[in-house]
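Written out below as structure tokens is the structure these notes cover.
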Amino acid sequence: MIGQSGLWPKVWTVLVFSLLLVLSGCAGSQPEYGAAKINSAPEGAEVVNLKDSSQLGITPVLVSFVGEAGTAEFVTIQFRKTGYIDRIATFWVNRRHKTVQEADDNAIDIIVNLEKQSNN
């Protein structure tokens, strides 16, 4: 009787539409990557992400950022090296690459010149 009343086509339409909504939501939630090649002159400075105080490495360092596809992140980092004045740099990282390798291959360059501390 359900087939005769036309209910099954409506049920199938709702099921297919619901499945498409779920699948499209899952496809949009895949992470994407951005990257930065961070360096200092002179090299050998500690790089700290001021968002969470995490150490990103010692210059030169390649850092990848993962997040929601198509988003950008404003990053603030600090450079620390004994005998030099601490420096802060900010930059945007766009997450538009499907893999970490692709992001690393297209990383933005961040270069900071460190100033020696005076002996006063």
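In the structure tokens, chains take letters A, B, ... by order of appearance, with residues numbered from 1 within each chain and ligands from 1 in the order shown.
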
Looking only at helix (DSSP H, G or I) from DSSP on the backbone, list the matching residues of stretch 11-101 of chain A as JSON, numbers by chain. {"A": [11, 12, 13, 14, 15, 16, 17, 18, 19, 20, 21, 22, 23, 24, 25, 26, 27, 28, 100, 101]}

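Shell of A:Tyr33 at 6 Å, with only C-alpha atoms counted and residues fewer than 6 places along the chain excluded, is Phe65, Val66, Arg95, Arg96, His97, Val100 and Ala103 of chain A.
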
With a distance cut-off of 10 Å and only C-alpha atoms, select the neighbouring residues of A:Gln117, excluding the residue or stretch itself and same-chain residues fewer than 5 positions from it, and output the selection as a list of chain:residue names. A:Thr82, A:Gly83, A:Tyr84, A:Ile85, A:Asp86

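Omitting A:Phe91 and its sequence neighbours fewer than 5 positions away, and counting only C-alpha atoms, the residues within 12 Å are Gly34, Ala35, Ala36, Lys37, Ile38, Asn49, Ala72, Glu73, Phe74, Val75, Thr76, Ile77, Gln78, Ile108, Asp109, Ile110, Ile111 and Val112 of chain A.
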
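Among the candidate residues A:Gln30, A:Asn119, A:Asn39, A:Asn94, the one lying nearest to A:Phe79 is A:Asn39, with distances computed using only C-alpha atoms.
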
May I ask for the distance between atom CA of A:Val61 and atom CA of A:Glu115, given in Å to one decimal place? 19.5 Å

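For the atom pair formed by atom CA of A:Glu46 and atom CA of A:Ile88, the distance is 11.6 Å, given to one decimal.
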
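Atom CA of A:Leu56 is positioned 20.3 Å from atom CA of A:Pro31.
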
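Inside stretch 42-71 of chain A, the residues DSSP reads as strand (DSSP E) when given the backbone are A:Glu46, A:Val47, A:Val48, A:Asn49, A:Ser54, A:Gln55, A:Leu56, A:Gly57, A:Ile58, A:Val61, A:Leu62, A:Val63, A:Ser64, A:Phe65, A:Val66, A:Gly67, A:Glu68.
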
Would you mind exporting the chosen residues as a short mmCIF file (atom, residue, chain, number, x, y, z; two decimals), in the first residue's frame, restricted to C-alpha atoms?
data_model
loop_
_atom_site.label_atom_id
_atom_site.label_comp_id
_atom_site.auth_asym_id
_atom_site.auth_seq_id
_atom_site.Cartn_x
_atom_site.Cartn_y
_atom_site.Cartn_z
CA GLU A 46 64.69 29.85 19.64
CA VAL A 47 61.24 30.40 18.08
CA VAL A 48 58.27 30.48 20.46
CA ASN A 49 54.59 30.62 19.48
CA SER A 54 55.15 26.32 22.62
CA GLN A 55 58.66 26.07 21.21
CA LEU A 56 58.52 25.76 17.42
CA GLY A 57 62.22 25.08 16.99
CA ILE A 58 65.58 26.75 16.44
CA VAL A 61 62.90 25.97 11.13
CA LEU A 62 60.01 24.85 8.93
CA VAL A 63 56.67 24.88 10.79
CA SER A 64 53.37 23.43 9.53
CA PHE A 65 49.96 24.62 10.71
CA VAL A 66 46.90 22.36 10.44
CA GLY A 67 43.31 23.50 10.67
CA GLU A 68 39.96 23.89 8.99
#

So, counting only C-alpha atoms, which residue among A:Thr99, A:Asn106, A:Ser118, A:Thr59 is closest to A:Arg80?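 Looking at the shortest contact to A:Arg80, the residue is A:Thr59.
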